[in-house]
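Taking it in order: structure first as structure tokens, then the write-up.
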Amino acid sequence: MRVDVLTKEYPPEVYGGAGVHVAELVRALRARGDVEVRVRAFGAPRPEESTDSYPDLAELARANAALRTLGVDLAIADDCAGADLVHSHTWYANLAGHLASLLHGMPHVLSAHSLEPLRPWKAEQLGGGYAVSSWAEQTAYESAAAIIAVSAAMRDDVLRSYPAVDPDRVHVVHNGIDTEDWHPVDDPDRVRELGVDPDRPSVVFVGRITRQKGLPLFLRACQELPSDVQVVLCAGAPDTEEIEREVVALVEQLRADRGDPASVVWIREMLPRRDVSALLTAATVFACPSIYEPLGIVNLEAMACEAAVVATATGGIPEVVVAPDDADGRTPTGLLVPIDQADDGTGTPLDPDRYVADFAAALTELLADPERAAEMGRAGRKRAIEDFSWAAIADKTMEVYRRATQANGT
């Protein structure tokens, strides 16, 4: 079987969880030896065998970003001839998969990492292009032979957002983590070089500067933390200038109010994996204040590095982070912060002050008990190893492929 994997993100051009997922899934599928995997990715040429890259079309250089995406989709769809199945990831590549299926007759499987109806703030970024991206996603979802949701919560979101989709075509296959790549890195000297004091209690945030990651809410919560706590932000790639200005202002205010500029460390560039692992290993707590998160690979990465997690109880996060109240005999891996959210697709907290206070209280609870946090961290790595291996996820993905090709008669 030849499977063409269609994606916007692929190493070295990876900036979010979907790109990590694609890279690891491709590696796990190729390791099986019973499937030929060809990657078709947006961007500059890559020196990887069986991987083709597609830059933006020069003719659309001045067009809206959504139209530039569709231009790449057309080029990818044409090249999928000969594949037995195409598997697309995120709206950027979904239309390429849909068109390839129509053009060449193979089934189209797509992975649901996020949903445009649940990210209305993207209108700030794309303008009218948001209507285009929403149309492309809906068209692909309603026509796909199978949809892989990265969590049970995401499956519910798919069926709620696109009621025309047959529930029997939506399968849950969780994201995974490579615990050989993501593991504790005890390197206090490197942590110091990055501007962080490994001897101080610390809270680490890792993520893009986008509405869904909840960074402004987290920065407000940090106002309530003890003065000796160091706040570490590995945050870059802002969606818009507006949210970047908002985050800059909140960071400056936090530094001023704490009276210690070194108490807030902001690393804007994308760090190598080893550096991120070193920061996570040194952290007392990892923070995930997302208001929209289909699963949250970043929590798995933190857990694999033995960091206790404080995260929002939204989306697929409760399927990853084991909280004390829902442990069922398992050792807790962190704390989950409740949130009442607007049902308009934004995920905005209905009572942001309460959410901020609850998040600050959860962080403070673990910061005050580093031994408990360390125990949660060890349990987190154990859970990552036992329940989220990529080999198992590749097996489940292959089963979806087989069902889709059998239904298609190919």
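Residue numbers start at 1 in each chain; chains themselves are named A, B, ... in the order of the structure tokens; ligands are numbered from 1 in the order shown.
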Just list as a PyMOL selection string whatever in segment 2-51 of chain A DSSP marks as alpha helix (DSSP H).
chain A and resi 17-32
Can I get the selection written as a PDB file, in the first residue's frame, with C-alpha atoms?
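So selection.pdb came out as:
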ATOM      1  CA  GLY A  17       1.622  20.062  17.563  1.00  0.00           C
ATOM      2  CA  ALA A  18       0.243  18.975  14.201  1.00  0.00           C
ATOM      3  CA  GLY A  19       3.706  19.129  12.655  1.00  0.00           C
ATOM      4  CA  VAL A  20       5.159  17.054  15.479  1.00  0.00           C
ATOM      5  CA  HIS A  21       2.360  14.520  15.018  1.00  0.00           C
ATOM      6  CA  VAL A  22       2.948  14.166  11.283  1.00  0.00           C
ATOM      7  CA  ALA A  23       6.710  13.735  11.635  1.00  0.00           C
ATOM      8  CA  GLU A  24       6.401  11.069  14.322  1.00  0.00           C
ATOM      9  CA  LEU A  25       3.554   9.222  12.605  1.00  0.00           C
ATOM     10  CA  VAL A  26       5.452   9.076   9.319  1.00  0.00           C
ATOM     11  CA  ARG A  27       8.514   7.718  11.086  1.00  0.00           C
ATOM     12  CA  ALA A  28       6.449   5.055  12.891  1.00  0.00           C
ATOM     13  CA  LEU A  29       4.598   4.012   9.732  1.00  0.00           C
ATOM     14  CA  ARG A  30       7.827   3.717   7.743  1.00  0.00           C
ATOM     15  CA  ALA A  31       9.365   1.612  10.522  1.00  0.00           C
ATOM     16  CA  ARG A  32       6.624  -0.999  10.069  1.00  0.00           C
TER      17      ARG A  32
END
Within 12 Å of Ala93 of chain A, counting only C-alpha atoms, which residues qualify if same-chain residues fewer than 3 places away don't, as a PyMOL selection string?
chain A and resi 4-9+18+39-42+54+66+68-77+86-90+96-100+108-112+133+136-137+140-141
Write the selection just made, keeping N, CA and C atoms, as a short mmCIF file (atom, residue, chain, number, x, y, z; two decimals), in the first residue's frame?
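Ended up saving to again00.cif:
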data_model
loop_
_atom_site.label_atom_id
_atom_site.label_comp_id
_atom_site.auth_asym_id
_atom_site.auth_seq_id
_atom_site.Cartn_x
_atom_site.Cartn_y
_atom_site.Cartn_z
N ASP A 4 0.07 8.59 0.61
CA ASP A 4 0.64 9.93 0.49
C ASP A 4 0.14 10.77 1.66
N VAL A 5 1.07 11.24 2.49
CA VAL A 5 0.74 12.07 3.64
C VAL A 5 0.88 13.53 3.23
N LEU A 6 -0.19 14.30 3.38
CA LEU A 6 -0.24 15.68 2.92
C LEU A 6 -0.28 16.61 4.13
N THR A 7 0.65 17.56 4.18
CA THR A 7 0.77 18.38 5.39
C THR A 7 1.40 19.73 5.10
N LYS A 8 1.01 20.73 5.86
CA LYS A 8 1.69 22.02 5.78
C LYS A 8 3.02 21.96 6.52
N GLU A 9 3.00 21.37 7.71
CA GLU A 9 4.20 21.32 8.54
C GLU A 9 4.92 19.99 8.38
N ALA A 18 0.59 19.76 15.39
CA ALA A 18 0.24 18.98 14.20
C ALA A 18 1.49 18.56 13.44
N VAL A 39 5.64 11.65 1.61
CA VAL A 39 5.22 12.90 2.24
C VAL A 39 5.16 14.00 1.19
N ARG A 40 4.08 14.76 1.19
CA ARG A 40 3.95 15.95 0.33
C ARG A 40 3.67 17.13 1.26
N ALA A 41 4.68 17.98 1.40
CA ALA A 41 4.62 19.04 2.42
C ALA A 41 4.80 20.42 1.79
N PHE A 42 4.16 21.40 2.40
CA PHE A 42 4.36 22.78 2.01
C PHE A 42 5.81 23.19 2.32
N TYR A 54 6.48 21.72 -1.61
CA TYR A 54 5.72 22.58 -2.51
C TYR A 54 5.71 24.01 -1.98
N ALA A 66 -4.99 32.45 2.59
CA ALA A 66 -5.82 31.27 2.35
C ALA A 66 -5.77 30.87 0.88
N ARG A 68 -3.25 31.44 -1.17
CA ARG A 68 -1.93 30.87 -1.40
C ARG A 68 -1.92 29.39 -1.00
N THR A 69 -2.61 29.09 0.11
CA THR A 69 -2.70 27.70 0.56
C THR A 69 -3.40 26.84 -0.48
N LEU A 70 -4.50 27.31 -1.01
CA LEU A 70 -5.24 26.52 -1.99
C LEU A 70 -4.42 26.32 -3.27
N GLY A 71 -3.58 27.28 -3.60
CA GLY A 71 -2.71 27.11 -4.76
C GLY A 71 -1.76 25.94 -4.57
N VAL A 72 -1.20 25.82 -3.37
CA VAL A 72 -0.32 24.69 -3.07
C VAL A 72 -1.12 23.39 -3.10
N ASP A 73 -2.33 23.43 -2.58
CA ASP A 73 -3.18 22.24 -2.58
C ASP A 73 -3.39 21.69 -3.98
N LEU A 74 -3.58 22.57 -4.94
CA LEU A 74 -3.80 22.11 -6.32
C LEU A 74 -2.57 21.37 -6.86
N ALA A 75 -1.40 21.91 -6.56
CA ALA A 75 -0.17 21.26 -7.03
C ALA A 75 0.01 19.90 -6.37
N ILE A 76 -0.28 19.81 -5.08
CA ILE A 76 -0.14 18.53 -4.37
C ILE A 76 -1.13 17.51 -4.91
N ALA A 77 -2.38 17.91 -5.08
CA ALA A 77 -3.42 16.97 -5.54
C ALA A 77 -3.04 16.33 -6.86
N VAL A 86 -4.75 8.78 0.43
CA VAL A 86 -4.12 10.04 0.83
C VAL A 86 -4.60 10.38 2.24
N HIS A 87 -3.69 10.91 3.04
CA HIS A 87 -3.97 11.23 4.45
C HIS A 87 -3.53 12.67 4.69
N SER A 88 -4.49 13.56 4.90
CA SER A 88 -4.17 14.98 5.06
C SER A 88 -4.28 15.41 6.52
N HIS A 89 -3.53 16.47 6.84
CA HIS A 89 -3.48 16.99 8.21
C HIS A 89 -3.70 18.49 8.19
N THR A 90 -4.70 18.95 8.93
CA THR A 90 -5.13 20.34 9.09
C THR A 90 -5.76 20.88 7.81
N ALA A 96 -6.34 19.52 -0.57
CA ALA A 96 -5.47 18.73 -1.45
C ALA A 96 -5.89 17.26 -1.41
N GLY A 97 -6.18 16.75 -0.21
CA GLY A 97 -6.62 15.36 -0.08
C GLY A 97 -7.96 15.13 -0.75
N HIS A 98 -8.88 16.07 -0.56
CA HIS A 98 -10.21 15.94 -1.16
C HIS A 98 -10.12 15.94 -2.69
N LEU A 99 -9.37 16.88 -3.24
CA LEU A 99 -9.24 16.97 -4.69
C LEU A 99 -8.50 15.77 -5.27
N ALA A 100 -7.48 15.29 -4.56
CA ALA A 100 -6.76 14.10 -5.03
C ALA A 100 -7.70 12.90 -5.08
N HIS A 108 -9.74 9.25 0.84
CA HIS A 108 -9.09 10.34 1.56
C HIS A 108 -9.38 10.19 3.05
N VAL A 109 -8.33 10.05 3.84
CA VAL A 109 -8.41 10.04 5.30
C VAL A 109 -7.83 11.36 5.80
N LEU A 110 -8.48 11.97 6.76
CA LEU A 110 -7.90 13.20 7.32
C LEU A 110 -7.84 13.09 8.83
N SER A 111 -6.85 13.75 9.40
CA SER A 111 -6.70 13.81 10.86
C SER A 111 -7.21 15.15 11.36
N ALA A 112 -8.05 15.10 12.38
CA ALA A 112 -8.62 16.31 12.98
C ALA A 112 -7.74 16.75 14.14
N SER A 133 -10.88 29.19 4.39
CA SER A 133 -10.35 28.04 5.12
C SER A 133 -11.48 27.20 5.72
N ALA A 136 -13.03 25.14 2.92
CA ALA A 136 -12.15 24.05 2.52
C ALA A 136 -12.23 22.91 3.54
N GLU A 137 -12.21 23.25 4.83
CA GLU A 137 -12.27 22.22 5.85
C GLU A 137 -13.60 21.49 5.82
N ALA A 140 -13.92 19.05 2.90
CA ALA A 140 -13.09 17.85 3.07
C ALA A 140 -13.69 16.91 4.12
N TYR A 141 -14.13 17.47 5.23
CA TYR A 141 -14.67 16.63 6.31
C TYR A 141 -15.92 15.88 5.86
#
Could you name the residues that touch Arg155 of chain A at 12 Å or less, counting only C-alpha atoms, but leaving out those on the same chain fewer than 4 positions away, as a count of residues only?
30
At what distance in Å, to one decimal, does atom CA of Glu399 of chain A lie from atom CA of Asp52 of chain A?
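Calculated distance between atom CA of Asp52 of chain A and atom CA of Glu399 of chain A is 25.4 Å.
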Best match for closeness to Val191 of chain A among A:Pro107, A:Leu280, A:Gly43, A:Leu350, counting only C-alpha atoms:
A:Leu280
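Ranking A:Ala302, A:Val3, A:Ile177, A:Ile339 by their shortest atom-to-atom distance to Asp387 of chain A, with only C-alpha atoms included, puts A:Ile177 first.
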Do you know which residues are at most 8 Å from Leu219 of chain A counting only C-alpha atoms, after dropping those on the same chain fewer than 5 positions away, and could you put them as a VMD selection string?
chain A and resid 250 to 251 254
To one decimal place, how far is atom CA of Gln223 of chain A from atom CA of Ala237 of chain A in Å?
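Interatomic distance here is 23.8 Å.
Per DSSP on the backbone, strand (DSSP E) in segment 43-184 of chain A comprises Thr51, Asp52, Ser53, Tyr54, Leu85, Val86, His87, Ser88, His89, His108, Val109, Leu110, Ser111, Ala112, Ala146, Ile147, Ile148, Ala149, Val170, His171 and Val172 of chain A.
For the pair atom CA of Val247 of chain A and atom CA of Ser290 of chain A, the interatomic distance is 14.8 Å.
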When you look at Val285 of chain A with a cut-off of 6 Å (counting only C-alpha atoms), what residues show up, excluding the ones that are within fewer than 6 positions of it in the same chain? I need them as a VMD selection string.
chain A and resid 203 307 to 309
Once you have the residues from the selection above, write them out as a PDB file, in the first residue's frame, restricted to C-alpha atoms.
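Final output, saved to selection06.pdb:
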ATOM      1  CA  VAL A 203       6.720  27.549  35.971  1.00  0.00           C
ATOM      2  CA  ALA A 307       7.334  17.760  34.710  1.00  0.00           C
ATOM      3  CA  ALA A 308       4.125  17.992  36.710  1.00  0.00           C
ATOM      4  CA  VAL A 309       1.368  19.632  34.667  1.00  0.00           C
TER       5      VAL A 309
END
Taking only C-alpha atoms into account, produce a table as a Markdown table in which each residue of segment 30-130 of chain A with an atom at most 10 Å from an atom of segment 238-241 of chain A appears once, together with its shortest atom pair and the distance in Å to one decimal, ordered by chain and rising number.
| residue | atom | partner | partner_atom | distance |
| --- | --- | --- | --- | --- |
| A:Trp121 | CA | A:Asp239 | CA | 9.5 |
| A:Lys122 | CA | A:Asp239 | CA | 8.1 |
| A:Glu124 | CA | A:Thr240 | CA | 7.0 |
| A:Gln125 | CA | A:Thr240 | CA | 5.9 |
| A:Leu126 | CA | A:Thr240 | CA | 9.5 |
Just the selected residues (N, CA and C atoms), exported as a PDB file, in the first residue's frame, please.
ATOM      1  N   TRP A 121     -11.119  33.295  16.138  1.00  0.00           N
ATOM      2  CA  TRP A 121     -10.135  34.384  16.218  1.00  0.00           C
ATOM      3  C   TRP A 121      -9.207  34.407  15.007  1.00  0.00           C
ATOM      4  N   LYS A 122      -9.210  33.326  14.203  1.00  0.00           N
ATOM      5  CA  LYS A 122      -8.353  33.319  13.014  1.00  0.00           C
ATOM      6  C   LYS A 122      -8.796  34.357  11.999  1.00  0.00           C
ATOM      7  N   GLU A 124      -8.938  37.330  12.645  1.00  0.00           N
ATOM      8  CA  GLU A 124      -7.978  38.418  12.862  1.00  0.00           C
ATOM      9  C   GLU A 124      -6.759  38.233  11.964  1.00  0.00           C
ATOM     10  N   GLN A 125      -6.389  36.981  11.738  1.00  0.00           N
ATOM     11  CA  GLN A 125      -5.169  36.652  10.997  1.00  0.00           C
ATOM     12  C   GLN A 125      -5.415  36.599   9.499  1.00  0.00           C
ATOM     13  N   LEU A 126      -6.548  35.993   9.097  1.00  0.00           N
ATOM     14  CA  LEU A 126      -6.797  35.715   7.681  1.00  0.00           C
ATOM     15  C   LEU A 126      -7.797  36.662   7.028  1.00  0.00           C
TER      16      LEU A 126
END
In terms of the shortest atom-to-atom distance over only C-alpha atoms, which of A:Leu67, A:Met303, A:Ile291, A:Met376 is closest to Val337 of chain A?
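Among A:Leu67, A:Met303, A:Ile291, A:Met376, it is A:Ile291 that comes nearest to Val337 of chain A.
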